[in-house]
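Student: Got a structure for you, questions after.
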Amino acid sequence: MKIEMNEALLVGYAPIDDEHRALLGLVNAFFVLVESGADRQTVYDAVDGLSVNFAIHCEHEKGWMLAHRYPDTANHLDDHVKLIGELGAMLYRMDEACDDALAEVAKFIENWFADHVKHGDRPLGKFLKERAVKTGV
Ligand SMILES: [Fe+2]
Ligand SMILES: [Fe+2]
């Protein structure tokens, strides 16, 4: 399994696109790890690491939204809280049904990019890009 960065996933604001690219690199490394048959603890640690990196990325987006008074900040942050919460919940489920839970994590991350990035981060990226053009920041 591999999620490729492509035109459809770009939001048009380089700092966000760079972080998304880095996250996908971690996600794809995670898929390789899983497919190589790594033991459960290694996989668990990797999912934990992914969860932390997604949370850090969400904090960065939050900082940009607050700094530039993004109008849809509340909804976007709600979405982040939900996404990070669900990813965390999957970590716990991994102890019970490892294979099913891994497929669930992979599907969840795919959906994150297909849904939140397209519908949440893209309008944010457009807004930040326009702000950057106007203010030079
Ligand atoms: Fe994002
Ligand atoms: Fe976001």
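Here, A, B, ... name the chains of the structure tokens in the order displayed, residue numbers run from 1 inside each chain, and ligands are numbered from 1 in the same displayed order.
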Show me which residues line ligand 2, defined as having an atom within 6 Å of a ligand atom where only C-alpha atoms and all ligand atoms count, and present them as an MDAnalysis selection string.

Tutor: chainID A and resid 58 120:121

Student: Return as a PyMOL selection string every polymer residue, whether protein, DNA or RNA, with at least one atom no more than 12 Å from an atom of ligand 1; count only C-alpha atoms and all ligand atoms.

Tutor: chain A and resi 9-24+53-62+64-65+76-77+79-80+83-84+109+112-125

Student: Could you write those residues out with N, CA and C atoms, as a compact mmCIF listing (two decimals), in the first residue's frame?

Tutor:
# COMPACT_ATOMS: atom_id res chain seq x y z
N LEU A 9 -4.04 16.41 -4.14
CA LEU A 9 -3.84 16.54 -2.69
C LEU A 9 -3.13 17.84 -2.31
N LEU A 10 -2.67 18.59 -3.30
CA LEU A 10 -1.97 19.84 -3.00
C LEU A 10 -2.96 20.92 -2.57
N VAL A 11 -2.58 21.70 -1.55
CA VAL A 11 -3.46 22.77 -1.10
C VAL A 11 -2.99 24.14 -1.61
N GLY A 12 -1.79 24.21 -2.15
CA GLY A 12 -1.31 25.45 -2.77
C GLY A 12 -0.58 26.39 -1.84
N TYR A 13 -0.39 25.98 -0.58
CA TYR A 13 0.39 26.79 0.37
C TYR A 13 1.57 25.92 0.80
N ALA A 14 2.76 26.33 0.40
CA ALA A 14 3.94 25.45 0.51
C ALA A 14 4.19 24.88 1.91
N PRO A 15 4.08 25.69 2.99
CA PRO A 15 4.37 25.09 4.30
C PRO A 15 3.44 23.92 4.63
N ILE A 16 2.16 24.01 4.23
CA ILE A 16 1.23 22.89 4.49
C ILE A 16 1.55 21.73 3.55
N ASP A 17 1.76 22.03 2.28
CA ASP A 17 2.08 20.94 1.33
C ASP A 17 3.36 20.20 1.74
N ASP A 18 4.35 20.95 2.23
CA ASP A 18 5.60 20.30 2.67
C ASP A 18 5.34 19.36 3.84
N GLU A 19 4.50 19.81 4.79
CA GLU A 19 4.23 18.94 5.94
C GLU A 19 3.39 17.74 5.52
N HIS A 20 2.43 17.93 4.62
CA HIS A 20 1.64 16.79 4.14
C HIS A 20 2.53 15.77 3.44
N ARG A 21 3.47 16.28 2.66
CA ARG A 21 4.40 15.40 1.94
C ARG A 21 5.22 14.58 2.94
N ALA A 22 5.70 15.27 3.98
CA ALA A 22 6.49 14.58 5.02
C ALA A 22 5.63 13.54 5.75
N LEU A 23 4.36 13.90 6.03
CA LEU A 23 3.47 12.94 6.70
C LEU A 23 3.23 11.71 5.83
N LEU A 24 3.02 11.95 4.54
CA LEU A 24 2.81 10.80 3.64
C LEU A 24 4.05 9.93 3.58
N ASN A 53 3.03 12.82 15.08
CA ASN A 53 3.36 13.69 13.95
C ASN A 53 2.13 14.36 13.34
N PHE A 54 1.02 13.62 13.27
CA PHE A 54 -0.23 14.24 12.79
C PHE A 54 -0.68 15.33 13.77
N ALA A 55 -0.53 15.06 15.06
CA ALA A 55 -0.94 16.05 16.07
C ALA A 55 -0.08 17.31 15.96
N ILE A 56 1.21 17.14 15.74
CA ILE A 56 2.11 18.30 15.59
C ILE A 56 1.71 19.11 14.36
N HIS A 57 1.41 18.40 13.27
CA HIS A 57 0.98 19.09 12.05
C HIS A 57 -0.30 19.90 12.31
N CYS A 58 -1.24 19.31 13.02
CA CYS A 58 -2.50 20.00 13.32
C CYS A 58 -2.23 21.24 14.17
N GLU A 59 -1.26 21.16 15.09
CA GLU A 59 -0.90 22.33 15.90
C GLU A 59 -0.32 23.44 15.02
N HIS A 60 0.48 23.07 14.03
CA HIS A 60 1.04 24.07 13.12
C HIS A 60 -0.09 24.77 12.34
N GLU A 61 -1.02 23.96 11.83
CA GLU A 61 -2.14 24.57 11.09
C GLU A 61 -2.94 25.49 12.02
N LYS A 62 -3.13 25.05 13.25
CA LYS A 62 -3.85 25.88 14.23
C LYS A 62 -3.14 27.23 14.40
N TRP A 64 -1.22 28.81 12.28
CA TRP A 64 -1.42 29.65 11.09
C TRP A 64 -2.82 30.22 11.06
N MET A 65 -3.81 29.40 11.44
CA MET A 65 -5.20 29.88 11.43
C MET A 65 -5.39 31.02 12.41
N HIS A 76 -12.55 23.87 11.54
CA HIS A 76 -11.35 23.14 11.16
C HIS A 76 -10.71 22.49 12.39
N LEU A 77 -10.67 23.23 13.50
CA LEU A 77 -10.08 22.66 14.73
C LEU A 77 -10.92 21.52 15.27
N ASP A 79 -12.61 19.46 13.48
CA ASP A 79 -12.27 18.33 12.62
C ASP A 79 -10.94 17.70 13.07
N HIS A 80 -9.95 18.53 13.37
CA HIS A 80 -8.66 18.02 13.84
C HIS A 80 -8.82 17.20 15.13
N LEU A 83 -10.27 13.90 14.29
CA LEU A 83 -9.33 13.03 13.57
C LEU A 83 -8.25 12.48 14.50
N ILE A 84 -7.66 13.35 15.31
CA ILE A 84 -6.61 12.91 16.24
C ILE A 84 -7.18 11.93 17.26
N ILE A 109 -6.25 6.91 7.27
CA ILE A 109 -5.30 7.91 6.78
C ILE A 109 -5.58 8.27 5.32
N TRP A 112 -8.39 10.55 5.44
CA TRP A 112 -7.97 11.86 5.97
C TRP A 112 -7.50 12.74 4.80
N PHE A 113 -6.67 12.14 3.96
CA PHE A 113 -6.15 12.91 2.82
C PHE A 113 -7.23 13.16 1.77
N ALA A 114 -8.09 12.18 1.56
CA ALA A 114 -9.13 12.34 0.54
C ALA A 114 -10.18 13.35 0.98
N ASP A 115 -10.43 13.42 2.29
CA ASP A 115 -11.54 14.23 2.76
C ASP A 115 -11.07 15.53 3.44
N HIS A 116 -10.37 15.41 4.56
CA HIS A 116 -9.98 16.62 5.31
C HIS A 116 -9.03 17.51 4.50
N VAL A 117 -8.05 16.90 3.86
CA VAL A 117 -7.08 17.71 3.10
C VAL A 117 -7.79 18.44 1.95
N LYS A 118 -8.65 17.71 1.24
CA LYS A 118 -9.34 18.34 0.11
C LYS A 118 -10.33 19.40 0.55
N HIS A 119 -11.13 19.08 1.57
CA HIS A 119 -12.23 19.98 1.93
C HIS A 119 -11.91 20.94 3.08
N GLY A 120 -10.89 20.61 3.89
CA GLY A 120 -10.53 21.48 5.01
C GLY A 120 -9.24 22.24 4.77
N ASP A 121 -8.19 21.51 4.41
CA ASP A 121 -6.89 22.16 4.26
C ASP A 121 -6.77 22.96 2.96
N ARG A 122 -7.49 22.53 1.95
CA ARG A 122 -7.37 23.27 0.68
C ARG A 122 -7.93 24.70 0.79
N PRO A 123 -9.14 24.90 1.34
CA PRO A 123 -9.59 26.29 1.53
C PRO A 123 -8.65 27.07 2.45
N LEU A 124 -8.11 26.40 3.48
CA LEU A 124 -7.16 27.07 4.37
C LEU A 124 -5.90 27.47 3.60
N GLY A 125 -5.39 26.57 2.78
CA GLY A 125 -4.18 26.86 2.00
C GLY A 125 -4.40 28.03 1.05

Student: Could you go through region 8-129 of chain A and tell me which residues DSSP, when run on the backbone, assigns to alpha helix (DSSP H), listing them as an NGL selection string?

Tutor: :A and (14-35 or 40-67 or 73-93 or 98-111 or 122-129)

Student: Which residues are close to region 47-50 of chain A, i.e. within 10 Å by only C-alpha atoms, leaving aside same-chain residues fewer than 4 positions away? Reply as a ChimeraX atom specification.

Tutor: /A:23-24,26-27,30,41-43,54-56,87-88,90-91,94,102,105

Student: How about saving the chosen residues, N, CA and C atoms kept, as a compact mmCIF listing (two decimals), in the first residue's frame?

Tutor:
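That gives us result-v3.txt:
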# COMPACT_ATOMS: atom_id res chain seq x y z
N LEU A 23 4.36 13.90 6.03
CA LEU A 23 3.47 12.94 6.70
C LEU A 23 3.23 11.71 5.83
N LEU A 24 3.02 11.95 4.54
CA LEU A 24 2.81 10.80 3.64
C LEU A 24 4.05 9.93 3.58
N LEU A 26 6.02 9.36 6.09
CA LEU A 26 5.95 8.55 7.31
C LEU A 26 4.88 7.47 7.17
N VAL A 27 3.75 7.85 6.58
CA VAL A 27 2.65 6.89 6.39
C VAL A 27 3.13 5.74 5.50
N PHE A 30 5.39 3.51 7.20
CA PHE A 30 4.59 2.69 8.11
C PHE A 30 3.99 1.49 7.37
N GLN A 41 4.70 -4.85 18.68
CA GLN A 41 5.20 -3.69 19.45
C GLN A 41 5.82 -2.65 18.52
N THR A 42 6.56 -3.11 17.51
CA THR A 42 7.18 -2.19 16.55
C THR A 42 6.11 -1.42 15.79
N VAL A 43 5.08 -2.15 15.37
CA VAL A 43 3.98 -1.52 14.63
C VAL A 43 3.25 -0.54 15.54
N PHE A 54 1.02 13.62 13.27
CA PHE A 54 -0.23 14.24 12.79
C PHE A 54 -0.68 15.33 13.77
N ALA A 55 -0.53 15.06 15.06
CA ALA A 55 -0.94 16.05 16.07
C ALA A 55 -0.08 17.31 15.96
N ILE A 56 1.21 17.14 15.74
CA ILE A 56 2.11 18.30 15.59
C ILE A 56 1.71 19.11 14.36
N LEU A 87 -7.66 8.55 15.57
CA LEU A 87 -6.38 7.88 15.37
C LEU A 87 -5.89 7.28 16.70
N GLY A 88 -6.05 8.05 17.78
CA GLY A 88 -5.66 7.56 19.11
C GLY A 88 -6.46 6.34 19.51
N MET A 90 -7.75 4.14 17.60
CA MET A 90 -7.30 2.98 16.82
C MET A 90 -6.09 2.32 17.47
N LEU A 91 -5.23 3.16 18.08
CA LEU A 91 -4.06 2.62 18.77
C LEU A 91 -4.47 1.59 19.80
N MET A 94 -5.68 -1.70 18.42
CA MET A 94 -4.66 -2.55 17.81
C MET A 94 -4.25 -3.71 18.70
N LEU A 102 -4.97 -2.55 11.66
CA LEU A 102 -4.01 -1.97 10.72
C LEU A 102 -4.68 -1.54 9.42
N VAL A 105 -6.42 1.60 10.17
CA VAL A 105 -5.52 2.77 10.21
C VAL A 105 -5.19 3.23 8.79

Student: Smallest atom-to-atom distance to Lys129 (chain A): which of A:Ile3, A:Ala74, A:His68, A:Ser51, using only C-alpha atoms?

Tutor: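 Distance minimum relative to Lys129 (chain A) lands on A:His68.
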
Student: What gap, in Å, lies between CA of Phe31 (chain A) and CA of Ala101 (chain A)?

Tutor: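 About the pair CA of Phe31 (chain A) and CA of Ala101 (chain A): they are 12.9 Å apart.
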
Student: I'd like to know which of A:Arg93, A:Gly85, A:Asp72, A:Glu104 is closest to Phe127 (chain A), using only C-alpha atoms.

Tutor: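 Ranked by minimum distance to Phe127 (chain A), first place goes to A:Asp72.
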